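Text of the file input15.cif, holding mmCIF, C-alpha atoms and all ligand atoms:
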```cif
data_data
loop_
_atom_site.group_PDB
_atom_site.id
_atom_site.type_symbol
_atom_site.label_atom_id
_atom_site.label_comp_id
_atom_site.auth_asym_id
_atom_site.auth_seq_id
_atom_site.Cartn_x
_atom_site.Cartn_y
_atom_site.Cartn_z
ATOM 1 C CA MET S 469 9.420 -79.760 10.020
ATOM 2 C CA GLY S 470 10.947 -82.844 8.478
ATOM 3 C CA GLY S 471 13.828 -84.332 10.415
ATOM 4 C CA THR S 472 14.545 -81.591 12.910
ATOM 5 C CA GLY S 473 12.636 -83.183 15.745
ATOM 6 C CA ARG S 474 11.753 -79.702 16.958
ATOM 7 C CA LYS S 475 8.373 -79.340 18.570
ATOM 8 C CA MET S 476 6.290 -76.424 17.408
ATOM 9 C CA THR S 477 3.125 -74.808 18.503
ATOM 10 C CA CYS S 478 1.152 -72.710 16.071
ATOM 11 C CA ALA S 479 -0.334 -69.371 16.987
ATOM 12 C CA PRO S 480 -3.760 -68.647 15.501
ATOM 13 C CA VAL S 481 -4.190 -66.252 12.589
ATOM 14 C CA ILE S 482 -3.676 -62.765 13.949
ATOM 15 C CA GLU S 483 -7.014 -61.093 14.015
ATOM 16 C CA SER S 484 -7.640 -57.553 12.911
ATOM 17 C CA VAL S 485 -9.645 -55.027 14.864
ATOM 18 C CA THR S 486 -12.007 -52.529 13.317
ATOM 19 C CA PHE S 487 -11.290 -48.830 13.734
ATOM 20 C CA SER S 488 -13.962 -46.423 12.454
ATOM 21 C CA GLY S 489 -15.210 -49.116 10.074
ATOM 22 C CA VAL S 490 -11.700 -49.873 8.688
ATOM 23 C CA GLU S 491 -9.755 -53.008 9.583
ATOM 24 C CA ASP S 492 -6.512 -52.479 11.517
ATOM 25 C CA TYR S 493 -4.081 -55.306 10.707
ATOM 26 C CA PHE S 494 -1.219 -53.707 12.651
ATOM 27 C CA GLY S 495 -2.326 -54.320 16.225
ATOM 28 C CA GLU S 496 -0.173 -54.848 19.275
ATOM 29 C CA SER S 497 1.315 -58.224 18.330
ATOM 30 C CA VAL S 498 2.337 -57.003 14.846
ATOM 31 C CA ALA S 499 3.620 -53.644 16.123
ATOM 32 C CA ALA S 500 5.768 -55.368 18.739
ATOM 33 C CA LYS S 501 7.703 -57.233 16.025
ATOM 34 C CA TYR S 502 7.384 -54.805 13.106
ATOM 35 C CA ASP S 503 10.891 -53.276 13.170
ATOM 36 C CA GLU S 504 12.546 -56.652 13.674
ATOM 37 C CA SER S 505 10.541 -58.422 10.972
ATOM 38 C CA SER S 506 11.210 -55.582 8.475
ATOM 39 C CA ALA S 507 14.850 -55.200 9.538
ATOM 40 C CA GLU S 508 16.225 -54.910 5.995
ATOM 41 C CA MET S 509 13.844 -51.990 5.341
ATOM 42 C CA PHE S 510 15.322 -50.151 8.350
ATOM 43 C CA ALA S 511 18.902 -50.502 7.043
ATOM 44 C CA PRO S 512 20.570 -47.208 6.041
ATOM 45 C CA GLN S 513 20.839 -48.314 2.404
ATOM 46 C CA ALA S 514 17.033 -48.699 2.298
ATOM 47 C CA VAL S 515 16.163 -45.587 4.321
ATOM 48 C CA ASP S 516 18.735 -42.985 3.236
ATOM 49 C CA PRO S 517 17.730 -42.640 -0.450
ATOM 50 C CA VAL S 518 14.052 -42.269 0.575
ATOM 51 C CA VAL S 519 14.873 -39.554 3.076
ATOM 52 C CA GLU S 520 17.096 -37.795 0.527
ATOM 53 C CA VAL S 521 14.284 -37.578 -2.041
ATOM 54 C CA LEU S 522 11.622 -36.567 0.489
ATOM 55 C CA ALA S 523 13.812 -33.927 2.135
ATOM 56 C CA GLY S 524 14.466 -32.447 -1.315
ATOM 57 C CA LEU S 525 10.752 -32.325 -2.109
ATOM 58 C CA ALA S 526 9.896 -30.890 1.318
ATOM 59 C CA GLY S 527 12.365 -28.021 0.939
ATOM 60 C CA ALA S 528 11.492 -25.484 3.613
ATOM 61 C CA GLY S 529 7.965 -26.920 3.966
ATOM 62 C CA ARG S 530 6.295 -29.696 5.941
ATOM 63 C CA ALA S 531 5.914 -33.413 5.205
ATOM 64 C CA LEU S 532 2.929 -35.681 5.878
ATOM 65 C CA GLU S 533 3.312 -39.475 5.941
ATOM 66 C CA LEU S 534 0.235 -41.622 5.308
ATOM 67 C CA GLY S 535 0.598 -44.868 7.274
ATOM 68 C CA ILE S 536 3.508 -43.520 9.315
ATOM 69 C CA GLY S 537 3.910 -46.749 11.294
ATOM 70 C CA THR S 538 6.785 -46.876 13.754
ATOM 71 C CA GLY S 539 8.592 -43.966 12.095
ATOM 72 C CA ARG S 540 11.003 -45.843 9.819
ATOM 73 C CA ILE S 541 11.106 -42.883 7.389
ATOM 74 C CA ALA S 542 9.472 -40.123 9.443
ATOM 75 C CA LEU S 543 12.103 -40.104 12.204
ATOM 76 C CA PRO S 544 15.193 -39.769 9.984
ATOM 77 C CA LEU S 545 13.335 -37.225 7.839
ATOM 78 C CA ALA S 546 12.504 -35.163 10.932
ATOM 79 C CA ALA S 547 16.141 -35.495 12.032
ATOM 80 C CA ARG S 548 17.033 -33.721 8.758
ATOM 81 C CA GLY S 549 15.041 -30.718 10.016
ATOM 82 C CA VAL S 550 11.805 -31.374 8.094
ATOM 83 C CA PRO S 551 8.670 -30.947 10.241
ATOM 84 C CA VAL S 552 6.843 -34.278 9.841
ATOM 85 C CA SER S 553 3.254 -35.222 10.670
ATOM 86 C CA GLY S 554 1.628 -38.576 10.151
ATOM 87 C CA ILE S 555 -1.625 -40.494 9.999
ATOM 88 C CA ASP S 556 -2.009 -44.112 11.046
ATOM 89 C CA LEU S 557 -4.866 -46.402 11.947
ATOM 90 C CA SER S 558 -2.819 -48.310 14.483
ATOM 91 C CA SER S 559 -2.339 -46.861 17.958
ATOM 92 C CA ALA S 560 0.097 -49.697 18.649
ATOM 93 C CA MET S 561 2.375 -48.693 15.745
ATOM 94 C CA ALA S 562 2.119 -44.997 16.711
ATOM 95 C CA ALA S 563 3.040 -45.824 20.319
ATOM 96 C CA ARG S 564 6.273 -47.469 19.072
ATOM 97 C CA LEU S 565 7.090 -44.327 17.089
ATOM 98 C CA ARG S 566 6.434 -42.031 20.062
ATOM 99 C CA ALA S 567 8.696 -44.119 22.301
ATOM 100 C CA LYS S 568 11.708 -43.643 19.991
ATOM 101 C CA PRO S 569 14.160 -40.732 20.245
ATOM 102 C CA GLY S 570 12.627 -37.762 18.411
ATOM 103 C CA GLY S 571 9.200 -39.416 18.377
ATOM 104 C CA ASP S 572 7.605 -36.755 20.540
ATOM 105 C CA ALA S 573 8.326 -34.129 17.850
ATOM 106 C CA ILE S 574 6.118 -35.944 15.350
ATOM 107 C CA ASP S 575 2.440 -35.217 15.374
ATOM 108 C CA VAL S 576 0.478 -38.428 14.686
ATOM 109 C CA THR S 577 -3.247 -38.464 13.966
ATOM 110 C CA ILE S 578 -4.959 -41.800 14.549
ATOM 111 C CA GLY S 579 -7.343 -42.380 11.648
ATOM 112 C CA ASP S 580 -7.875 -43.741 8.144
ATOM 113 C CA PHE S 581 -5.485 -42.051 5.725
ATOM 114 C CA ALA S 582 -8.027 -42.360 2.917
ATOM 115 C CA THR S 583 -10.109 -39.680 4.581
ATOM 116 C CA ALA S 584 -8.488 -38.261 7.754
ATOM 117 C CA ARG S 585 -7.417 -34.613 7.671
ATOM 118 C CA VAL S 586 -4.527 -32.928 9.435
ATOM 119 C CA ALA S 587 -4.382 -29.161 9.918
ATOM 120 C CA GLY S 588 -2.169 -27.081 7.656
ATOM 121 C CA ALA S 589 -0.600 -27.409 4.215
ATOM 122 C CA PHE S 590 2.287 -29.660 3.220
ATOM 123 C CA SER S 591 4.909 -29.501 0.502
ATOM 124 C CA VAL S 592 5.117 -33.290 0.349
ATOM 125 C CA VAL S 593 2.695 -36.091 1.241
ATOM 126 C CA TYR S 594 4.099 -39.615 0.958
ATOM 127 C CA LEU S 595 2.921 -43.231 1.138
ATOM 128 C CA VAL S 596 5.703 -45.825 1.004
ATOM 129 C CA TYR S 597 6.373 -49.550 1.353
ATOM 130 C CA ASN S 598 3.313 -50.737 -0.653
ATOM 131 C CA THR S 599 0.966 -49.172 1.886
ATOM 132 C CA ILE S 600 -1.469 -47.848 -0.783
ATOM 133 C CA GLY S 601 -2.444 -51.529 -1.192
ATOM 134 C CA ASN S 602 -3.710 -51.618 2.396
ATOM 135 C CA LEU S 603 -6.705 -49.727 1.028
ATOM 136 C CA THR S 604 -8.654 -52.663 -0.334
ATOM 137 C CA SER S 605 -11.110 -50.901 -2.637
ATOM 138 C CA GLN S 606 -10.654 -48.640 -5.649
ATOM 139 C CA GLU S 607 -12.990 -46.153 -3.978
ATOM 140 C CA ALA S 608 -10.707 -45.901 -0.935
ATOM 141 C CA GLN S 609 -7.590 -45.535 -3.084
ATOM 142 C CA VAL S 610 -9.222 -42.718 -5.078
ATOM 143 C CA ALA S 611 -10.283 -41.066 -1.803
ATOM 144 C CA CYS S 612 -6.672 -41.324 -0.611
ATOM 145 C CA PHE S 613 -5.430 -39.394 -3.663
ATOM 146 C CA ARG S 614 -8.063 -36.714 -3.059
ATOM 147 C CA THR S 615 -7.083 -36.514 0.616
ATOM 148 C CA ALA S 616 -3.382 -36.280 -0.257
ATOM 149 C CA ALA S 617 -4.097 -33.530 -2.792
ATOM 150 C CA ALA S 618 -6.187 -31.598 -0.266
ATOM 151 C CA HIS S 619 -3.214 -31.541 2.117
ATOM 152 C CA LEU S 620 -0.781 -30.224 -0.515
ATOM 153 C CA GLU S 621 0.113 -26.623 -1.088
ATOM 154 C CA PRO S 622 0.245 -25.577 -4.772
ATOM 155 C CA GLY S 623 3.424 -27.015 -6.295
ATOM 156 C CA GLY S 624 3.530 -29.708 -3.585
ATOM 157 C CA CYS S 625 4.014 -33.395 -4.376
ATOM 158 C CA PHE S 626 2.380 -36.710 -3.536
ATOM 159 C CA VAL S 627 4.833 -39.644 -3.562
ATOM 160 C CA VAL S 628 3.865 -43.317 -3.694
ATOM 161 C CA GLU S 629 6.222 -46.309 -3.527
ATOM 162 C CA VAL S 630 4.547 -49.570 -4.509
ATOM 163 C CA GLY S 631 5.257 -52.831 -6.311
ATOM 164 C CA VAL S 632 4.101 -53.560 -9.837
ATOM 165 C CA PRO S 633 1.509 -56.372 -9.638
ATOM 166 C CA GLU S 634 3.290 -59.652 -10.373
ATOM 167 C CA LEU S 635 0.647 -61.097 -12.656
ATOM 168 C CA ARG S 636 3.259 -62.083 -15.252
ATOM 169 C CA LYS S 637 4.362 -64.726 -12.727
ATOM 170 C CA LEU S 638 0.923 -66.347 -12.815
ATOM 171 C CA PRO S 639 0.529 -69.103 -15.424
ATOM 172 C CA PRO S 640 -3.050 -69.736 -16.561
ATOM 173 C CA GLY S 641 -5.072 -71.328 -13.767
ATOM 174 C CA GLN S 642 -2.593 -70.417 -11.001
ATOM 175 C CA THR S 643 -3.415 -67.842 -8.324
ATOM 176 C CA VAL S 644 -0.452 -68.005 -5.934
ATOM 177 C CA VAL S 645 3.039 -66.454 -6.183
ATOM 178 C CA PRO S 646 5.657 -67.266 -3.523
ATOM 179 C CA PHE S 647 7.825 -64.299 -2.520
ATOM 180 C CA ASP S 648 9.995 -65.644 0.285
ATOM 181 C CA LEU S 649 11.277 -69.053 1.294
ATOM 182 C CA SER S 650 13.870 -69.019 4.045
ATOM 183 C CA ALA S 651 14.581 -71.211 7.042
ATOM 184 C CA THR S 652 12.198 -69.223 9.227
ATOM 185 C CA HIS S 653 9.730 -67.535 6.872
ATOM 186 C CA TRP S 654 7.504 -68.630 4.013
ATOM 187 C CA GLY S 655 5.595 -65.907 2.205
ATOM 188 C CA PHE S 656 3.189 -66.099 -0.701
ATOM 189 C CA ASP S 657 0.628 -63.854 -2.349
ATOM 190 C CA ARG S 658 -2.731 -65.021 -3.628
ATOM 191 C CA TYR S 659 -4.297 -63.019 -6.463
ATOM 192 C CA ASP S 660 -7.878 -62.675 -7.623
ATOM 193 C CA VAL S 661 -7.644 -61.061 -11.036
ATOM 194 C CA SER S 662 -11.407 -60.610 -11.225
ATOM 195 C CA THR S 663 -11.414 -58.138 -8.317
ATOM 196 C CA GLN S 664 -7.759 -56.930 -8.110
ATOM 197 C CA SER S 665 -7.717 -58.225 -4.568
ATOM 198 C CA MET S 666 -4.642 -59.947 -3.223
ATOM 199 C CA SER S 667 -3.773 -61.495 0.106
ATOM 200 C CA SER S 668 -0.283 -61.930 1.501
ATOM 201 C CA TYR S 669 0.288 -64.956 3.710
ATOM 202 C CA HIS S 670 3.230 -65.235 6.074
ATOM 203 C CA ALA S 671 4.207 -68.352 8.007
ATOM 204 C CA ARG S 672 7.066 -67.692 10.394
ATOM 205 C CA VAL S 673 9.022 -69.697 12.955
ATOM 206 C CA ALA S 674 10.501 -67.934 15.970
ATOM 207 C CA ASP S 675 11.828 -69.625 19.101
ATOM 208 C CA GLY S 676 10.325 -72.935 18.045
ATOM 209 C CA ARG S 677 6.916 -71.382 17.668
ATOM 210 C CA GLY S 678 4.939 -71.169 14.455
ATOM 211 C CA GLU S 679 2.914 -68.136 13.528
ATOM 212 C CA PHE S 680 0.609 -67.458 10.617
ATOM 213 C CA ARG S 681 -0.533 -64.083 9.386
ATOM 214 C CA ALA S 682 -2.725 -63.068 6.455
ATOM 215 C CA ILE S 683 -3.321 -59.516 5.282
ATOM 216 C CA PRO S 684 -5.511 -58.303 2.407
ATOM 217 C CA PHE S 685 -4.417 -55.793 -0.252
ATOM 218 C CA ARG S 686 -5.757 -54.279 -3.435
ATOM 219 C CA TYR S 687 -3.103 -54.374 -6.130
ATOM 220 C CA VAL S 688 -3.016 -51.388 -8.426
ATOM 221 C CA TRP S 689 -1.310 -50.529 -11.722
ATOM 222 C CA PRO S 690 0.821 -47.438 -12.377
ATOM 223 C CA ALA S 691 -1.613 -46.238 -15.064
ATOM 224 C CA GLU S 692 -4.533 -46.643 -12.682
ATOM 225 C CA LEU S 693 -2.693 -44.563 -10.084
ATOM 226 C CA ASP S 694 -2.155 -41.867 -12.740
ATOM 227 C CA LEU S 695 -5.906 -41.793 -13.325
ATOM 228 C CA MET S 696 -6.535 -41.505 -9.579
ATOM 229 C CA ALA S 697 -4.060 -38.626 -9.508
ATOM 230 C CA GLN S 698 -5.865 -36.981 -12.406
ATOM 231 C CA LEU S 699 -9.199 -37.306 -10.563
ATOM 232 C CA ALA S 700 -7.543 -35.566 -7.614
ATOM 233 C CA GLY S 701 -6.173 -32.720 -9.758
ATOM 234 C CA LEU S 702 -2.548 -33.929 -9.685
ATOM 235 C CA ARG S 703 -0.196 -34.609 -12.597
ATOM 236 C CA LEU S 704 2.706 -37.005 -12.951
ATOM 237 C CA ARG S 705 6.108 -35.387 -12.485
ATOM 238 C CA SER S 706 8.363 -38.479 -12.286
ATOM 239 C CA ARG S 707 8.209 -42.239 -12.158
ATOM 240 C CA TRP S 708 11.328 -44.172 -11.191
ATOM 241 C CA GLU S 709 12.120 -47.793 -10.447
ATOM 242 C CA ASN S 710 13.779 -46.845 -7.184
ATOM 243 C CA TRP S 711 14.666 -43.922 -4.939
ATOM 244 C CA ASP S 712 17.951 -43.363 -6.783
ATOM 245 C CA GLY S 713 15.998 -42.267 -9.847
ATOM 246 C CA LYS S 714 16.638 -45.400 -11.935
ATOM 247 C CA PRO S 715 14.328 -45.210 -14.983
ATOM 248 C CA PHE S 716 11.065 -47.157 -14.754
ATOM 249 C CA THR S 717 10.831 -49.815 -17.488
ATOM 250 C CA HIS S 718 8.650 -52.769 -18.495
ATOM 251 C CA ASP S 719 10.843 -54.958 -16.279
ATOM 252 C CA SER S 720 10.620 -52.792 -13.138
ATOM 253 C CA GLU S 721 9.179 -54.655 -10.173
ATOM 254 C CA GLN S 722 8.290 -51.533 -8.226
ATOM 255 C CA HIS S 723 7.975 -47.804 -8.769
ATOM 256 C CA VAL S 724 8.366 -44.535 -6.974
ATOM 257 C CA SER S 725 5.871 -42.114 -8.502
ATOM 258 C CA ILE S 726 5.681 -38.394 -7.864
ATOM 259 C CA TRP S 727 2.597 -36.358 -8.790
ATOM 260 C CA GLU S 728 2.454 -32.612 -8.309
ATOM 261 C CA LYS S 729 -0.340 -30.209 -7.515
ATOM 262 C CA PRO S 730 -0.313 -27.505 -10.179
ATOM 263 C CA LEU S 731 0.522 -23.964 -9.121
ATOM 264 C CA GLY S 732 -2.731 -21.989 -9.124
HETATM 265 C C1 LIG U 801 3.669 -51.625 5.972
HETATM 266 S S1 LIG U 801 3.368 -50.509 7.286
HETATM 267 C C2 LIG U 801 4.401 -49.147 6.751
HETATM 268 C C3 LIG U 801 4.798 -48.248 7.897
HETATM 269 C C4 LIG U 801 5.810 -47.174 7.530
HETATM 270 N N1 LIG U 801 5.275 -46.297 6.505
HETATM 271 C C5 LIG U 801 7.086 -47.803 7.014
HETATM 272 O O1 LIG U 801 7.469 -47.520 5.891
HETATM 273 O O2 LIG U 801 7.701 -48.563 7.775
HETATM 274 C C6 LIG U 801 1.745 -49.905 6.932
HETATM 275 C C7 LIG U 801 1.229 -48.911 7.935
HETATM 276 O O3 LIG U 801 0.038 -48.314 7.410
HETATM 277 C C8 LIG U 801 -0.958 -48.322 8.402
HETATM 278 N N2 LIG U 801 -2.260 -48.370 7.723
HETATM 279 C C9 LIG U 801 -2.747 -49.363 6.944
HETATM 280 N N3 LIG U 801 -3.958 -49.018 6.450
HETATM 281 C C10 LIG U 801 -4.237 -47.790 6.946
HETATM 282 C C11 LIG U 801 -5.331 -46.896 6.789
HETATM 283 N N4 LIG U 801 -6.385 -47.190 6.027
HETATM 284 N N5 LIG U 801 -5.268 -45.714 7.433
HETATM 285 C C12 LIG U 801 -4.200 -45.394 8.217
HETATM 286 N N6 LIG U 801 -3.134 -46.198 8.395
HETATM 287 C C13 LIG U 801 -3.154 -47.383 7.762
HETATM 288 C C14 LIG U 801 -0.663 -49.532 9.262
HETATM 289 O O4 LIG U 801 -1.237 -49.394 10.561
HETATM 290 C C15 LIG U 801 0.854 -49.529 9.280
HETATM 291 O O5 LIG U 801 1.359 -48.746 10.314
#
```
Entire entry expressed as structure tokens:
Amino acid sequence: MGGTGRKMTCAPVIESVTFSGVEDYFGESVAAKYDESSAEMFAPQAVDPVVEVLAGLAGAGRALELGIGTGRIALPLAARGVPVSGIDLSSAMAARLRAKPGGDAIDVTIGDFATARVAGAFSVVYLVYNTIGNLTSQEAQVACFRTAAAHLEPGGCFVVEVGVPELRKLPPGQTVVPFDLSATHWGFDRYDVSTQSMSSYHARVADGRGEFRAIPFRYVWPAELDLMAQLAGLRLRSRWENWDGKPFTHDSEQHVSIWEKPLG
């Protein structure tokens, strides 16, 4: 830290734990800081449009969130009167959700959302904040679409919010794209275009202490997601750039895609 004279210690890479053969990267130390470190995603301007769309799709039915986390979307959606259930691998994240006001009304199943089943039928199943990428193989992502479809009632919708892979930012021979550079956080993604694997690296400074975290993803294209939906018996209803319904274009950096389960 050039010139500041501040002394820093560096915490080791946060280790994952394995749950039913799947790595959990959202253990206690991550869960404890999740809401604070994603503060801008908890702001009303980020949450309200998501809840508006999901409440509209849920109608009088139920909603299921895959990777429900600490309830960023599930809690305000439930507060709108939509019965919400969730699946998450991380007991630590689920414990944070349960401790919040309204958390006890949300039924959370601890398991892998690629395969875990929850009783009943849902009018909307949703997977937001790039969480589809936490499934690090194509096989698991396809299984996730099949699992989402199996939870939907006819006419129900599966919604995914995820970034468009930033490969256009990679000049030949380069594998790393920085995505944040502030006084307290440096973030960069490393891509392997031969496998569609990507790792996000975060170096953070808090209270004079350095911390490093790495988490693996599988990046996935909109067209590939459409094929996964097709394999699961779903068809594309809408694709937007954002939750306000802005049209998706060649310059969009993320998309909100809605696939529906045909009636009968
Ligand atoms: C980026 S957080 C998003 C949490 C919440 N959806 C939100 O928008 O704030 C990703 C969540 O997905 C969970 N997760 C990741 N992979 C999972 C898997 N295979 N099965 C179940 N949950 C998973 C993590 O434990 C974490 O809670």
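Each residue with an atom within 7 Å of any atom of ligand LIG 801 (chain U) appears in the list, which was built counting only C-alpha atoms and all ligand atoms: Val490, Asp492, Tyr493, Phe494, Leu534, Gly535, Ile536, Gly537, Thr538, Gly539, Arg540, Ile541, Ile555, Asp556, Leu557, Ser558, Met561, Gly579, Asp580, Phe581, Ala582, Leu595, Val596, Tyr597, Asn598, Thr599, Asn602 and Leu603 of chain S.
Pairwise distance (atom CA of Gly529 of chain S, atom CA of Phe716 of chain S) equals 27.7 Å.
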For this session: Tell me, as a PyMOL selection string, which residues lie within 7 Å of segment 617-619 of chain S, counting all atoms listed in the file; anything in the same chain fewer than 2 positions away does not count.
Result: chain S and resi 589-590+613-615+621+700+729
For this session: Any chance you could resolve the PyMOL selection byres (((chain S and resi 712) around 10) and not hetatm) against this file and give the residues as an NGL selection string?
Result: :S and (517-518 or 520-521 or 708-711 or 713-715 or 724)
For this session: Could you check how far atom CA of Ser725 of chain S sits from atom CA of Val645 of chain S, in Å to one decimal?
Result: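 Answer for the atom CA of Ser725 of chain S to atom CA of Val645 of chain S separation: 24.6 Å.
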Problem set entry | Atom pair atom CA of Gln642 of chain S / atom CA of Ser605 of chain S: separation (Å) |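 Atom-to-atom, atom CA of Gln642 of chain S to atom CA of Ser605 of chain S, that is 22.9 Å.
Remark: for Asp648 of chain S, the closest of the candidate residues S:Ser668, S:Gly631, S:Gln722, S:Ile683 is S:Ser668 (distances computed over only C-alpha atoms).
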Problem set entry | Selection under test: the PyMOL selection byres (((chain S and resi 646) around 12) and not hetatm); residues as a list in words |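 Output from the PyMOL selection byres (((chain S and resi 646) around 12) and not hetatm), applied to this file: Glu634, Lys637, Leu638, Gln642, Thr643, Val644, Val645, Phe647, Asp648, Leu649, Ser650, His653, Trp654, Gly655, Phe656, Asp657, Arg658, Tyr659, Ser667, Ser668, Tyr669, His670 and Ala671 of chain S.
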Ground truth for the PyMOL selection byres (((chain S and resi 587) around 12) and not hetatm), written as a PDB file with C-alpha atoms, keeping the file's coordinate frame:
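What ended up in expr-v5.pdb:
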```
ATOM      1  CA  ARG S 530       6.295 -29.696   5.941  1.00  0.00           C
ATOM      2  CA  LEU S 532       2.929 -35.681   5.878  1.00  0.00           C
ATOM      3  CA  SER S 553       3.254 -35.222  10.670  1.00  0.00           C
ATOM      4  CA  GLY S 554       1.628 -38.576  10.151  1.00  0.00           C
ATOM      5  CA  ILE S 555      -1.625 -40.494   9.999  1.00  0.00           C
ATOM      6  CA  ASP S 575       2.440 -35.217  15.374  1.00  0.00           C
ATOM      7  CA  VAL S 576       0.478 -38.428  14.686  1.00  0.00           C
ATOM      8  CA  THR S 577      -3.247 -38.464  13.966  1.00  0.00           C
ATOM      9  CA  ALA S 584      -8.488 -38.261   7.754  1.00  0.00           C
ATOM     10  CA  ARG S 585      -7.417 -34.613   7.671  1.00  0.00           C
ATOM     11  CA  VAL S 586      -4.527 -32.928   9.435  1.00  0.00           C
ATOM     12  CA  GLY S 588      -2.169 -27.081   7.656  1.00  0.00           C
ATOM     13  CA  ALA S 589      -0.600 -27.409   4.215  1.00  0.00           C
ATOM     14  CA  PHE S 590       2.287 -29.660   3.220  1.00  0.00           C
ATOM     15  CA  ALA S 618      -6.187 -31.598  -0.266  1.00  0.00           C
ATOM     16  CA  HIS S 619      -3.214 -31.541   2.117  1.00  0.00           C
ATOM     17  CA  LEU S 620      -0.781 -30.224  -0.515  1.00  0.00           C
TER      18      LEU S 620
END
```
Taking only C-alpha atoms into account, produce a table as JSON lines in which each residue of segment 562-601 of chain S with an atom at most 12 Å from an atom of segment 497-513 of chain S appears once, together with its shortest atom pair and the distance in Å to one decimal, ordered by chain and rising number.
```
{"residue": "S:Ala562", "atom": "CA", "partner": "S:Ala499", "partner_atom": "CA", "distance": 8.8}
{"residue": "S:Ala563", "atom": "CA", "partner": "S:Ala499", "partner_atom": "CA", "distance": 8.9}
{"residue": "S:Arg564", "atom": "CA", "partner": "S:Ala499", "partner_atom": "CA", "distance": 7.3}
{"residue": "S:Leu565", "atom": "CA", "partner": "S:Ala499", "partner_atom": "CA", "distance": 10.0}
{"residue": "S:Lys568", "atom": "CA", "partner": "S:Asp503", "partner_atom": "CA", "distance": 11.8}
{"residue": "S:Val596", "atom": "CA", "partner": "S:Met509", "partner_atom": "CA", "distance": 11.1}
{"residue": "S:Tyr597", "atom": "CA", "partner": "S:Met509", "partner_atom": "CA", "distance": 8.8}
```
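Minimum distance to Val519 of chain S across S:Arg686, S:Arg705, S:Arg548, S:Arg681 (counting all atoms listed in the file) occurs at S:Arg548.
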For this session: Select, from S:Leu702, S:Ala560, S:Val630, S:Ile574, the residue with the minimum atom-to-atom distance to Pro730 of chain S, counting all atoms listed in the file.
Result: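 Looking only at the distances to Pro730 of chain S, the closest residue turns out to be S:Leu702.
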For this session: Just give me the residues with any atom within 10 Å of (0.7, -44.4, -12.7), file coordinates, counting all atoms listed in the file, written as a PyMOL selection string.
Result: chain S and resi 628+688-698+703-704+706-707+723-727
Box along x, y and z, 6 Å on every side, all listed atoms of segment 717-724 of chain S inside: centre and edge lengths in Å to one decimal, as AutoDock Vina command-line options.
```
--center_x 9.4 --center_y -49.7 --center_z -12.7 --size_x 14.9 --size_y 22.4 --size_z 23.5
```
